[in-house]
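Colleague: Just start_7.csv, nothing more (CSV, C-alpha atoms):
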chain,number,residue,atom,x,y,z
Q,61,MET,CA,0.0,0.0,0.0
Q,62,GLY,CA,1.7,3.3,-1.2
Q,63,GLY,CA,5.0,1.5,-1.4
Q,64,ARG,CA,4.8,0.1,2.1
Q,65,VAL,CA,4.5,-3.6,2.8
Q,66,LEU,CA,1.7,-4.5,5.1
Q,67,HIS,CA,1.4,-7.8,7.1
Q,68,PHE,CA,-2.1,-9.0,7.9
Q,69,TYR,CA,-3.5,-11.0,10.8
Q,70,LEU,CA,-7.0,-12.3,11.6
Q,71,ALA,CA,-8.8,-9.8,13.9
Q,72,GLY,CA,-12.5,-10.5,13.7
Q,73,ILE,CA,-15.4,-11.9,11.8
Q,74,ASN,CA,-18.2,-10.0,10.1
Q,75,ASN,CA,-21.2,-12.0,9.0
Q,76,GLN,CA,-18.8,-14.9,8.4
Q,77,ASN,CA,-16.5,-12.9,6.3
Q,78,PHE,CA,-13.4,-12.2,8.2
Q,79,LEU,CA,-11.8,-8.9,9.2
Q,80,MET,CA,-8.1,-8.6,9.2
Q,81,ARG,CA,-5.7,-5.9,10.5
Q,82,ASP,CA,-2.3,-5.0,9.4
Q,83,ARG,CA,0.6,-4.9,11.9
Q,84,GLU,CA,1.9,-1.7,10.4
Q,85,THR,CA,-1.1,0.7,10.8
Q,86,GLY,CA,-3.7,-1.4,12.7
Q,87,THR,CA,-6.3,-0.6,10.0
Q,88,TRP,CA,-9.2,-3.0,9.7
Q,89,TRP,CA,-9.8,-4.6,6.3
Q,90,GLN,CA,-12.7,-6.7,4.9
Q,91,GLN,CA,-11.6,-10.0,3.5
Q,92,ILE,CA,-14.0,-10.2,0.5
Q,93,SER,CA,-13.3,-6.7,-0.8
Q,94,GLY,CA,-9.8,-6.0,0.4
Q,95,LYS,CA,-11.1,-2.6,1.4
Q,96,ALA,CA,-10.0,-0.7,4.5
Q,97,ILE,CA,-13.2,-0.2,6.5
Q,98,PHE,CA,-11.9,1.4,9.7
Q,99,GLY,CA,-8.7,3.0,10.9
Q,100,LYS,CA,-5.8,5.0,9.4
Q,101,LEU,CA,-6.1,3.7,5.8
Q,102,LYS,CA,-9.9,3.7,5.7
Q,103,GLY,CA,-11.1,4.0,2.1
Q,104,GLU,CA,-8.0,2.3,0.6
Q,105,SER,CA,-8.2,-0.9,-1.3
Q,106,LEU,CA,-5.7,-3.7,-1.7
Q,107,GLU,CA,-5.0,-4.9,-5.2
Q,108,LEU,CA,-6.4,-8.3,-5.9
Q,109,ALA,CA,-3.7,-10.6,-7.2
Q,110,PRO,CA,-4.7,-12.8,-10.1
Q,111,PHE,CA,-5.4,-16.2,-8.5
Q,112,ASP,CA,-7.2,-19.5,-9.1
Q,113,GLU,CA,-8.8,-22.1,-7.0
Q,114,LEU,CA,-7.8,-25.4,-8.6
Q,115,SER,CA,-7.4,-29.0,-7.8
Q,116,PHE,CA,-3.8,-29.9,-6.9
Q,117,GLY,CA,-3.5,-32.4,-9.7
Q,118,LEU,CA,-4.5,-29.8,-12.3
Q,119,TRP,CA,-2.3,-27.1,-10.9
Q,120,LYS,CA,0.7,-29.4,-10.7
Q,121,LYS,CA,0.3,-30.2,-14.4
Q,122,GLU,CA,0.2,-26.5,-15.3
Q,123,SER,CA,3.0,-25.4,-12.9
Q,124,PRO,CA,5.4,-28.3,-12.5
Q,125,GLY,CA,8.0,-26.2,-10.8
Q,126,GLY,CA,5.6,-24.7,-8.3
Q,127,GLN,CA,5.8,-24.5,-4.6
Q,128,VAL,CA,3.2,-25.6,-2.1
Q,129,LEU,CA,2.6,-24.1,1.4
Q,130,ALA,CA,3.9,-26.6,3.9
Q,131,PRO,CA,1.7,-27.6,6.8
Q,132,VAL,CA,2.6,-26.1,10.1
Q,133,ALA,CA,3.6,-29.2,12.1
Q,134,ARG,CA,2.0,-28.0,15.4
Q,135,TYR,CA,-1.4,-27.6,13.8
Q,136,GLN,CA,-1.3,-30.3,11.1
Q,137,LYS,CA,-3.6,-32.6,13.0
Q,138,LYS,CA,-6.3,-29.9,13.2
Q,139,TYR,CA,-6.6,-29.4,9.5
Q,140,GLU,CA,-10.0,-30.7,8.5
Q,141,SER,CA,-10.3,-32.7,5.3
Q,142,LYS,CA,-14.1,-32.6,5.7
Q,143,TRP,CA,-14.3,-28.9,6.6
Q,144,GLU,CA,-16.7,-28.2,3.8
Q,145,ASP,CA,-19.3,-30.6,5.3
Q,146,GLU,CA,-18.6,-29.2,8.7
Q,147,VAL,CA,-19.3,-25.6,7.5
Q,148,LEU,CA,-22.5,-26.7,5.9
Q,149,LYS,CA,-23.9,-27.5,9.3
Q,150,LEU,CA,-23.2,-24.0,10.6
Q,151,PRO,CA,-25.9,-21.4,10.8
Q,152,VAL,CA,-25.7,-18.4,8.5
Q,153,PRO,CA,-25.8,-15.0,10.0
Q,154,VAL,CA,-27.7,-13.4,7.2
Q,155,SER,CA,-29.9,-14.9,4.5
Q,156,PHE,CA,-31.8,-13.7,1.5
Q,157,PRO,CA,-35.1,-15.5,1.2
Q,158,GLY,CA,-36.8,-15.2,-2.1
Q,159,THR,CA,-33.5,-15.2,-4.1
Q,160,ALA,CA,-32.8,-17.8,-6.6
Q,161,LEU,CA,-30.2,-19.7,-4.5
Q,162,LYS,CA,-29.8,-21.3,-1.1
Q,163,SER,CA,-27.6,-19.6,1.5
Q,164,ARG,CA,-24.7,-22.1,1.2
Q,165,ASP,CA,-24.9,-22.7,-2.5
Q,166,VAL,CA,-21.3,-22.2,-3.8
Q,167,VAL,CA,-21.1,-19.6,-6.5
Q,168,VAL,CA,-18.4,-18.0,-8.6
Q,169,GLY,CA,-18.8,-14.3,-8.3
Q,170,LEU,CA,-17.7,-12.0,-11.1
Q,171,VAL,CA,-17.7,-8.2,-11.3
Q,172,VAL,CA,-17.1,-6.6,-14.7
Q,173,ASP,CA,-17.4,-2.9,-15.1
Q,174,GLY,CA,-19.4,-2.6,-11.9
Q,175,GLU,CA,-21.9,-5.3,-12.9
Q,176,ALA,CA,-21.9,-8.3,-10.5
Q,177,ARG,CA,-23.2,-11.8,-11.3
Q,178,ALA,CA,-23.1,-15.1,-9.4
Q,179,TYR,CA,-22.6,-18.3,-11.3
Q,180,PRO,CA,-23.5,-21.5,-9.3
Q,181,VAL,CA,-20.5,-23.8,-9.5
Q,182,ASP,CA,-22.7,-26.8,-10.2
Q,183,THR,CA,-24.1,-25.0,-13.2
Q,184,ILE,CA,-20.6,-24.1,-14.6
Q,185,VAL,CA,-19.5,-27.7,-14.2
Q,186,LYS,CA,-22.6,-29.0,-16.0
Q,187,GLN,CA,-22.7,-26.5,-18.8
Q,188,SER,CA,-19.0,-25.7,-19.3
Q,189,PRO,CA,-18.1,-23.7,-21.4
Q,190,ILE,CA,-20.6,-20.9,-20.6
Q,191,GLN,CA,-20.7,-17.9,-22.8
Q,192,ASP,CA,-22.3,-14.8,-21.2
Q,193,ARG,CA,-22.3,-11.0,-21.3
Q,194,LEU,CA,-21.5,-9.0,-18.2
Q,195,GLY,CA,-20.9,-5.3,-17.9
Q,196,GLY,CA,-21.4,-5.2,-21.7
Q,197,LYS,CA,-18.4,-7.6,-22.2
Q,198,PRO,CA,-18.2,-11.2,-23.4
Q,199,ILE,CA,-17.5,-13.6,-20.7
Q,200,LEU,CA,-16.4,-17.2,-20.8
Q,201,LEU,CA,-16.6,-19.6,-17.9
Q,202,VAL,CA,-15.1,-23.0,-18.0
Q,203,ALA,CA,-14.7,-26.0,-15.7
Q,204,GLY,CA,-11.6,-28.3,-15.7
Q,205,THR,CA,-11.7,-32.0,-16.4
Q,206,ASP,CA,-11.5,-32.6,-12.6
Q,207,GLY,CA,-15.1,-31.2,-12.4
Q,208,LYS,CA,-14.0,-28.8,-9.7
Q,209,SER,CA,-11.6,-26.2,-11.0
Q,210,VAL,CA,-13.3,-23.2,-12.6
Q,211,ARG,CA,-11.9,-20.3,-14.5
Q,212,ALA,CA,-13.5,-17.2,-16.0
Q,213,PHE,CA,-12.1,-15.1,-18.9
Q,214,LEU,CA,-12.8,-12.0,-20.9
Q,215,SER,CA,-13.8,-13.7,-24.2
Q,216,ARG,CA,-12.0,-11.2,-26.5
Q,217,ILE,CA,-8.8,-11.4,-28.6
Q,218,ASP,CA,-7.1,-8.4,-30.0
Q,219,GLY,CA,-10.3,-6.3,-29.5
Q,220,ALA,CA,-12.6,-8.8,-31.2
Q,221,ASP,CA,-15.2,-11.0,-29.4
Q,222,ILE,CA,-14.5,-14.6,-29.7
Q,223,GLU,CA,-16.8,-17.6,-29.0
Q,224,LEU,CA,-15.4,-20.9,-27.9
Q,225,PHE,CA,-17.1,-24.3,-27.9
Q,226,ARG,CA,-16.3,-27.7,-26.4
Q,227,LYS,CA,-14.3,-29.8,-28.8
Q,228,SER,CA,-16.4,-32.8,-29.0
Q,229,ASP,CA,-13.9,-35.5,-30.0
Q,230,SER,CA,-11.5,-34.7,-27.2
Q,231,LYS,CA,-11.1,-36.5,-23.8
Q,232,ASP,CA,-8.9,-33.8,-22.4
Q,233,PHE,CA,-10.0,-30.3,-21.9
Q,234,ALA,CA,-10.2,-28.5,-25.2
Q,235,LEU,CA,-12.2,-25.7,-26.7
Q,236,ILE,CA,-12.4,-24.7,-30.3
Q,237,ASP,CA,-13.3,-21.4,-31.8
Q,238,ALA,CA,-16.1,-20.8,-34.2
Q,239,GLU,CA,-13.8,-20.9,-37.2
Q,240,GLY,CA,-12.7,-24.3,-35.9
Q,241,SER,CA,-9.1,-23.3,-36.6
Q,242,SER,CA,-7.6,-22.9,-33.1
Q,243,GLU,CA,-7.7,-25.1,-30.1
Q,244,TRP,CA,-7.8,-23.6,-26.6
Q,245,ASN,CA,-6.7,-25.0,-23.3
Q,246,PHE,CA,-8.0,-24.5,-19.7
Q,247,LYS,CA,-5.6,-21.6,-19.2
Q,248,GLY,CA,-7.5,-19.7,-21.9
Q,249,CYS,CA,-4.6,-20.0,-24.3
Q,250,ALA,CA,-4.7,-21.0,-28.0
Q,251,VAL,CA,-2.4,-24.0,-28.4
Q,252,SER,CA,-2.8,-24.6,-32.2
Q,253,GLY,CA,-4.0,-22.8,-35.3
Q,254,PRO,CA,-3.5,-19.2,-36.4
Q,255,LEU,CA,-4.1,-17.8,-32.9
Q,256,ALA,CA,-1.6,-20.2,-31.2
Q,257,GLY,CA,0.2,-18.5,-28.3
Q,258,LYS,CA,-2.6,-16.0,-27.7
Q,259,CYS,CA,-4.3,-16.0,-24.3
Q,260,LEU,CA,-7.6,-14.6,-23.1
Q,261,SER,CA,-7.3,-12.4,-20.1
Q,262,GLU,CA,-8.5,-14.1,-17.0
Q,263,LEU,CA,-11.1,-12.6,-14.6
Q,264,ALA,CA,-10.9,-12.8,-10.8
Q,265,ALA,CA,-13.4,-15.5,-10.0
Q,266,ILE,CA,-14.2,-15.4,-6.3
Q,267,LYS,CA,-15.7,-18.7,-5.0
Q,268,ASP,CA,-18.1,-17.9,-2.2
Q,269,TYR,CA,-21.2,-18.9,-0.5
Q,270,TRP,CA,-24.3,-17.3,-2.0
Q,271,PHE,CA,-25.3,-15.5,1.2
Q,272,ASP,CA,-21.8,-13.9,1.5
Q,273,TRP,CA,-21.6,-12.9,-2.1
Q,274,ARG,CA,-25.1,-11.4,-2.0
Q,275,ASN,CA,-24.4,-9.6,1.3
Q,276,TYR,CA,-21.5,-7.7,-0.2
Q,277,HIS,CA,-23.0,-7.3,-3.7
Q,278,ALA,CA,-26.6,-6.2,-3.1
Q,279,ASP,CA,-27.2,-5.6,-6.8
Q,280,THR,CA,-25.8,-8.9,-8.0
Q,281,SER,CA,-27.8,-11.0,-10.5
Q,282,VAL,CA,-27.7,-14.8,-10.7
Q,283,TYR,CA,-26.8,-16.6,-13.9
Q,284,ARG,CA,-29.6,-18.8,-15.2
Q,285,HIS,CA,-29.9,-20.7,-18.4
I,101,MET,CA,-22.8,10.8,57.7
I,102,PHE,CA,-20.4,8.1,56.8
I,103,GLU,CA,-22.8,6.5,54.3
I,104,GLN,CA,-23.4,9.7,52.5
I,105,ARG,CA,-19.7,10.4,52.1
I,106,GLN,CA,-19.3,7.0,50.4
I,107,ARG,CA,-22.2,7.3,48.0
I,108,PRO,CA,-20.4,9.4,45.2
I,109,PHE,CA,-17.5,7.0,45.4
I,110,ARG,CA,-19.8,4.1,44.9
I,111,LEU,CA,-21.3,5.7,41.8
I,112,ILE,CA,-17.9,6.5,40.4
I,113,PHE,CA,-16.7,3.0,41.1
I,114,TRP,CA,-19.5,1.2,39.4
I,115,THR,CA,-19.6,3.6,36.4
I,116,LEU,CA,-15.9,3.0,35.8
I,117,VAL,CA,-16.4,-0.8,36.1
I,118,LEU,CA,-19.2,-0.6,33.6
I,119,ILE,CA,-17.2,1.5,31.2
I,120,GLY,CA,-14.2,-0.8,31.4
I,121,PHE,CA,-16.3,-3.9,31.0
I,122,ALA,CA,-18.3,-2.4,28.1
I,123,LEU,CA,-15.2,-1.4,26.2
I,124,PHE,CA,-14.2,-5.1,26.1
I,125,PHE,CA,-17.6,-6.7,26.0
I,126,VAL,CA,-19.5,-4.7,23.4
I,127,PRO,CA,-17.1,-5.5,20.5
I,128,ALA,CA,-16.8,-9.1,21.7
I,129,PHE,CA,-20.5,-9.4,21.7
I,130,ILE,CA,-21.1,-7.8,18.3
I,131,ILE,CA,-18.2,-9.4,16.5
I,132,ARG,CA,-19.4,-13.0,16.9
I,133,PRO,CA,-19.4,-15.6,14.2
I,134,PHE,CA,-23.1,-16.5,13.9
I,135,ARG,CA,-24.8,-13.3,14.6
I,136,TYR,CA,-25.9,-10.8,12.0
I,137,GLN,CA,-23.9,-7.5,12.2
I,138,SER,CA,-25.3,-4.4,10.7
I,139,PRO,CA,-22.8,-1.9,9.4
I,140,GLY,CA,-23.7,0.5,12.2
I,141,ALA,CA,-23.1,-2.2,14.9
I,142,LEU,CA,-19.9,-3.2,13.4
I,143,HIS,CA,-18.7,0.5,13.3
I,144,LEU,CA,-19.7,0.9,17.0
I,145,ALA,CA,-17.7,-2.3,17.9
I,146,LEU,CA,-14.7,-1.1,16.0
I,147,VAL,CA,-14.8,2.3,17.7
I,148,PHE,CA,-15.0,0.6,21.1
I,149,ARG,CA,-12.1,-1.7,20.2
I,150,GLN,CA,-10.0,1.3,19.2
I,151,ILE,CA,-10.6,3.1,22.5
I,152,ALA,CA,-10.5,-0.1,24.6
I,153,PRO,CA,-6.7,-0.5,25.1
I,154,ILE,CA,-6.3,2.9,26.7
I,155,GLY,CA,-9.9,3.2,27.9
I,156,THR,CA,-9.9,0.0,29.9
I,157,ILE,CA,-6.5,1.0,31.6
I,158,VAL,CA,-7.9,4.4,32.6
I,159,ALA,CA,-11.0,2.8,34.0
I,160,ALA,CA,-9.0,0.1,35.8
I,161,CYS,CA,-6.8,2.8,37.4
I,162,GLY,CA,-9.8,4.8,38.5
I,163,VAL,CA,-11.5,1.7,39.9
I,164,LEU,CA,-8.4,0.7,41.9
I,165,VAL,CA,-8.0,4.2,43.3
I,166,VAL,CA,-11.6,4.2,44.5
I,167,ALA,CA,-11.3,0.7,45.8
I,168,VAL,CA,-8.2,1.4,47.8
I,169,ARG,CA,-9.6,4.7,49.2
I,170,SER,CA,-12.9,3.1,50.3
I,171,TRP,CA,-11.4,-0.1,51.6
I,172,ARG,CA,-10.9,1.1,55.2
I,173,GLY,CA,-14.4,2.1,55.8
I,174,ALA,CA,-16.0,-0.7,53.9
I,175,SER,CA,-18.0,-3.5,55.4
I,176,ARG,CA,-17.1,-7.1,54.5
I,177,ARG,CA,-19.8,-7.3,51.9
I,178,GLN,CA,-18.7,-4.0,50.3
I,179,ARG,CA,-15.1,-5.3,50.2
I,180,VAL,CA,-16.2,-8.4,48.3
I,181,LEU,CA,-18.0,-6.1,45.8
I,182,LEU,CA,-15.0,-3.8,45.5
I,183,THR,CA,-12.8,-6.8,44.8
I,184,LEU,CA,-15.2,-8.3,42.2
I,185,GLY,CA,-15.5,-4.9,40.4
I,186,SER,CA,-11.8,-4.5,40.3
I,187,LEU,CA,-11.2,-7.9,39.0
I,188,LEU,CA,-13.8,-7.5,36.3
I,189,VAL,CA,-12.3,-4.3,35.0
I,190,ILE,CA,-8.7,-5.7,35.2
I,191,ALA,CA,-9.9,-8.8,33.2
I,192,SER,CA,-11.5,-6.4,30.6
I,193,ALA,CA,-8.3,-4.4,30.3
I,194,THR,CA,-6.4,-7.7,29.7
I,195,MET,CA,-8.9,-9.0,27.1
I,196,ALA,CA,-8.8,-5.7,25.3
I,197,ARG,CA,-5.1,-6.3,24.6
I,198,LEU,CA,-5.4,-9.8,23.4
I,199,ASN,CA,-6.5,-11.0,20.0
I,200,TYR,CA,-8.6,-13.9,20.9
I,201,PHE,CA,-9.4,-14.6,17.2
I,202,GLU,CA,-5.8,-15.9,16.9
I,203,TRP,CA,-6.4,-18.4,19.7
I,204,MET,CA,-8.7,-20.3,17.5
I,205,PHE,CA,-7.0,-19.9,14.2
I,206,HIS,CA,-3.3,-19.9,14.8
I,207,PRO,CA,-1.4,-17.7,12.4
I,208,VAL,CA,1.4,-19.0,10.2
I,209,GLN,CA,4.5,-17.2,11.5
I,210,GLN,CA,6.9,-18.1,8.8
I,211,PRO,CA,5.4,-19.9,5.8
I,212,GLY,CA,7.4,-22.9,4.6
I,213,PHE,CA,7.1,-24.4,1.2
I,214,GLU,CA,7.7,-27.7,-0.5
I,215,LYS,CA,8.2,-28.6,-4.2
I,216,ALA,CA,5.0,-29.7,-5.9
I,217,ASP,CA,6.7,-33.1,-6.7
I,218,ASP,CA,7.5,-33.8,-3.1
I,219,VAL,CA,4.1,-33.0,-1.7
I,220,LYS,CA,1.7,-35.7,-0.6
I,221,LEU,CA,-1.6,-34.2,-1.6
I,222,ASP,CA,-4.5,-36.0,-3.4
I,223,ALA,CA,-4.9,-34.8,-6.9
I,224,GLY,CA,-8.4,-33.7,-6.0
I,225,GLU,CA,-7.5,-31.5,-3.1
I,226,MET,CA,-8.3,-27.9,-3.8
I,227,VAL,CA,-5.5,-25.3,-3.7
I,228,LEU,CA,-5.5,-21.5,-4.0
I,229,THR,CA,-2.9,-20.6,-6.6
I,230,VAL,CA,-1.0,-17.6,-7.8
I,231,THR,CA,1.7,-17.1,-10.4
I,232,ILE,CA,3.5,-13.8,-10.2
I,233,ASN,CA,6.6,-13.0,-12.4
I,234,GLY,CA,6.9,-16.7,-13.2
I,235,GLU,CA,6.8,-17.9,-9.6
I,236,ALA,CA,4.0,-20.3,-8.9
I,237,ARG,CA,2.5,-21.0,-5.5
I,238,ALA,CA,-0.3,-23.2,-4.2
I,239,TYR,CA,-1.9,-22.9,-0.8
I,240,PRO,CA,-3.9,-26.0,0.1
I,241,VAL,CA,-7.5,-25.0,1.0
I,242,ARG,CA,-7.4,-27.5,3.9
I,243,GLU,CA,-4.6,-25.5,5.5
I,244,MET,CA,-6.0,-22.1,4.6
I,245,ALA,CA,-9.4,-23.1,6.1
I,246,TYR,CA,-7.5,-23.3,9.4
I,247,HIS,CA,-5.0,-20.5,9.3
I,248,HIS,CA,-7.1,-18.2,7.0
I,249,ILE,CA,-4.2,-15.8,6.3
I,250,VAL,CA,-0.7,-16.3,5.0
I,251,ASN,CA,1.6,-13.4,4.3
I,252,ASP,CA,4.0,-14.2,1.5
I,253,VAL,CA,6.2,-12.8,-1.2
I,254,VAL,CA,5.7,-14.3,-4.6
I,255,GLY,CA,7.9,-13.2,-7.6
I,256,GLY,CA,9.0,-10.3,-5.5
I,257,VAL,CA,5.5,-9.0,-4.8
I,258,PRO,CA,4.2,-9.0,-1.2
I,259,ILE,CA,0.7,-10.7,-1.0
I,260,ALA,CA,-1.6,-11.9,1.6
I,261,ALA,CA,-3.4,-15.2,0.7
I,262,THR,CA,-6.7,-15.4,2.4
I,263,TYR,CA,-9.5,-18.0,2.7
Written as structure tokens, how would this file's structure read?
Modeller:
Amino acid sequence: MGGRVLHFYLAGINNQNFLMRDRETGTWWQQISGKAIFGKLKGESLELAPFDELSFGLWKKESPGGQVLAPVARYQKKYESKWEDEVLKLPVPVSFPGTALKSRDVVVGLVVDGEARAYPVDTIVKQSPIQDRLGGKPILLVAGTDGKSVRAFLSRIDGADIELFRKSDSKDFALIDAEGSSEWNFKGCAVSGPLAGKCLSELAAIKDYWFDWRNYHADTSVYRH
Amino acid sequence: MFEQRQRPFRLIFWTLVLIGFALFFVPAFIIRPFRYQSPGALHLALVFRQIAPIGTIVAACGVLVVAVRSWRGASRRQRVLLTLGSLLVIASATMARLNYFEWMFHPVQQPGFEKADDVKLDAGEMVLTVTINGEARAYPVREMAYHHIVNDVVGGVPIAATY
């Protein structure tokens, strides 16, 4: 922040979205938005680093030289492999009856040019690839062959909208463009044809429970098709 | 006569105990996991938490001064109350200085890393991943769901991975 490195620690919880503070200024930050909500740096925003939520197998294939956070030996036994099931049993602090989804439905939230939309992960996995328009821009959502990893892209190359379809005769993940000339991989990059080497720009896809996404994006719509 | 001289002290004593306790308790009560927090309530809690480290100490000092001054003339029952009030405000001052959220979710002090090939993780385990300036990192969700925050530097860029 402003050329200064901040170090964060967990300091509270707000409607099941956590609050963190930085050791340097003591400012309070909201997890989901990266915004400073109280204290010295109030009003500032952290920059969201491009990230993915992937299965380990898929990531390892893409980044063979990568490094993995090691467990902290003291707490290793406390890591829950079934934590998702445990969380499902917990009550929610705020709910939105009458909306299209249930509180703990897992969605991928996108914001493009101020327009927010939630895409249920189940739907993405079932329908992948999904072509949509958000904030006036063409969007592509895809699920990996593991049926868990999800990515979102701006579906545009060199200023031109591009539509991608599932390549029907392929066992591995492969998309093909309308001209049928280039094949695209799960990273959003063309691996063959005239566009080989070109990549779609990836969008920050935040995986969240519906109630939490809705709570911080009051005007969000829900993808349905 | 004696009773009347004590009365203002008693009022000051219990007001200070209440203030000291409230500075700790109000934010602790509002910032709970399963309770809805309106933006206004959250703001109030944060204001209290900001004042609390100094506020509780001031209240505790005041409480102790009054307790010591009233001790001599106090009955046995009054001494018990003076002690309880003092302990309550001292406990509040202590709690206002502690981050009890880190008792439950222990922070990672120095993140360690292993090469992807050496890691025993199921292929289906979810990981949060970033690649910055060619450096790739994965943070297993299972670990992140416990620690919640990891401060790290990837490809020369300082980041905080959160879950």
Colleague: Which residues are near range 243-248 of chain I? Cut-off 6 Å, all atoms listed in the file, ignore same chain within fewer than 5 positions. Put them as an mmCIF file with C-alpha atoms, in the coordinates of the input.
Modeller:
data_model
loop_
_atom_site.group_PDB
_atom_site.id
_atom_site.type_symbol
_atom_site.label_atom_id
_atom_site.label_comp_id
_atom_site.auth_asym_id
_atom_site.auth_seq_id
_atom_site.Cartn_x
_atom_site.Cartn_y
_atom_site.Cartn_z
ATOM 1 C CA TYR Q 139 -6.600 -29.400 9.500
ATOM 2 C CA PHE I 205 -7.000 -19.900 14.200
ATOM 3 C CA HIS I 206 -3.300 -19.900 14.800
ATOM 4 C CA PRO I 207 -1.400 -17.700 12.400
ATOM 5 C CA THR I 262 -6.700 -15.400 2.400
ATOM 6 C CA TYR I 263 -9.500 -18.000 2.700
#
Colleague: What's the 10 Å shell around Ala256 in chain Q, counting all atoms listed in the file, without same-chain residues fewer than 3 positions away, as a tab-separated table (two decimals) with C-alpha atoms, in the frame of the given file?
Modeller:
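Saved to selection_17.tsv:
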chain	number	residue	atom	x	y	z
Q	241	SER	CA	-9.10	-23.30	-36.60
Q	242	SER	CA	-7.60	-22.90	-33.10
Q	243	GLU	CA	-7.70	-25.10	-30.10
Q	244	TRP	CA	-7.80	-23.60	-26.60
Q	249	CYS	CA	-4.60	-20.00	-24.30
Q	250	ALA	CA	-4.70	-21.00	-28.00
Q	251	VAL	CA	-2.40	-24.00	-28.40
Q	252	SER	CA	-2.80	-24.60	-32.20
Q	253	GLY	CA	-4.00	-22.80	-35.30
Q	259	CYS	CA	-4.30	-16.00	-24.30
Colleague: Go through Q:Gly248, Q:Gly125, Q:Gly62, Q:Gly94 one by one, measure the shortest atom-to-atom distance of each to chain I using only C-alpha atoms, and give the residue with the smallest value.
Modeller: Q:Gly125
Colleague: What lies within 12 Å of His277 in chain Q using only C-alpha atoms, ignoring chain neighbours under 3 positions off, as a ChimeraX atom specification?
Modeller: /Q:92-93,169-171,174-178,268,270-274,280-282
Colleague: Deliver the residues from the most recent selection as a file, using C-alpha atoms, as a short mmCIF file (atom, residue, chain, number, x, y, z; two decimals), in the coordinates of the input.
Modeller:
data_model
loop_
_atom_site.label_atom_id
_atom_site.label_comp_id
_atom_site.auth_asym_id
_atom_site.auth_seq_id
_atom_site.Cartn_x
_atom_site.Cartn_y
_atom_site.Cartn_z
CA ILE Q 92 -14.00 -10.20 0.50
CA SER Q 93 -13.30 -6.70 -0.80
CA GLY Q 169 -18.80 -14.30 -8.30
CA LEU Q 170 -17.70 -12.00 -11.10
CA VAL Q 171 -17.70 -8.20 -11.30
CA GLY Q 174 -19.40 -2.60 -11.90
CA GLU Q 175 -21.90 -5.30 -12.90
CA ALA Q 176 -21.90 -8.30 -10.50
CA ARG Q 177 -23.20 -11.80 -11.30
CA ALA Q 178 -23.10 -15.10 -9.40
CA ASP Q 268 -18.10 -17.90 -2.20
CA TRP Q 270 -24.30 -17.30 -2.00
CA PHE Q 271 -25.30 -15.50 1.20
CA ASP Q 272 -21.80 -13.90 1.50
CA TRP Q 273 -21.60 -12.90 -2.10
CA ARG Q 274 -25.10 -11.40 -2.00
CA THR Q 280 -25.80 -8.90 -8.00
CA SER Q 281 -27.80 -11.00 -10.50
CA VAL Q 282 -27.70 -14.80 -10.70
#
Colleague: Should the cut-off be 7 Å, what would the residue list for chain Q against chain I look like, counting all atoms listed in the file, as a count of residues only?
Modeller: 36
Colleague: Could you tell me how far CA of Glu239 in chain Q lies from CA of Leu214 in chain Q, in Å and to one decimal?
Modeller: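 CA of Leu214 in chain Q lies at a distance of 18.6 Å from CA of Glu239 in chain Q.
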Colleague: Looking at Q:Ala264, Q:Val132, Q:Met61, Q:Ala278, which one is nearest to Ala109 in chain Q, with distances taken over only C-alpha atoms?
Modeller: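 Looking at the shortest contact to Ala109 in chain Q, the residue is Q:Ala264.
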Colleague: Here is a test: counting all atoms listed in the file, which residue of I:Phe109, I:Ala159, I:Val254, I:Phe148 is nearest to Ala193 in chain I?
Modeller: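 Under the stated criterion, the closest residue is I:Ala159.
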Colleague: Do you have the CA of Ser215 in chain Q-CA of Leu255 in chain Q distance handy?
Modeller: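 Computing it gives 13.7 Å between the two atoms.
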Colleague: Rounded to one decimal place, report the CA of Phe98 in chain Q-CA of Met195 in chain I distance in Å.
Modeller: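 Between CA of Phe98 in chain Q and CA of Met195 in chain I the gap works out to 20.5 Å.
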Colleague: Pick out the closest residue to Asp237 in chain Q from this set: Q:Leu118, Q:Ala212, Q:Val172, Q:Ile217. Count all atoms listed in the file.
Modeller: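 Going through Q:Leu118, Q:Ala212, Q:Val172, Q:Ile217 one by one, the smallest distance to Asp237 in chain Q is for Q:Ile217.
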Colleague: Kindly indicate which residue among I:Leu198, I:Gly173, I:Trp203, I:Ala167 lies nearest to Leu111 in chain I, using only C-alpha atoms for the distances.
Modeller: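 Checking each of I:Leu198, I:Gly173, I:Trp203, I:Ala167 against Leu111 in chain I, counting only C-alpha atoms, the winner is I:Ala167.
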Colleague: Contacts of range 185-190 of chain Q at 7 Å or less, counting all atoms listed in the file, minus same-chain residues fewer than 3 places along, as a PyMOL selection string?
Modeller: chain Q and resi 181-182+200-203+207+225-226
Colleague: Which protein, DNA or RNA residues are at most 6 Å from (-21.1, -21.4, -6.2) in the file's coordinates when you count only C-alpha atoms, listed as a list of chain:residue names?
Modeller: Q:Asp165, Q:Val166, Q:Val167, Q:Val168, Q:Pro180, Q:Val181
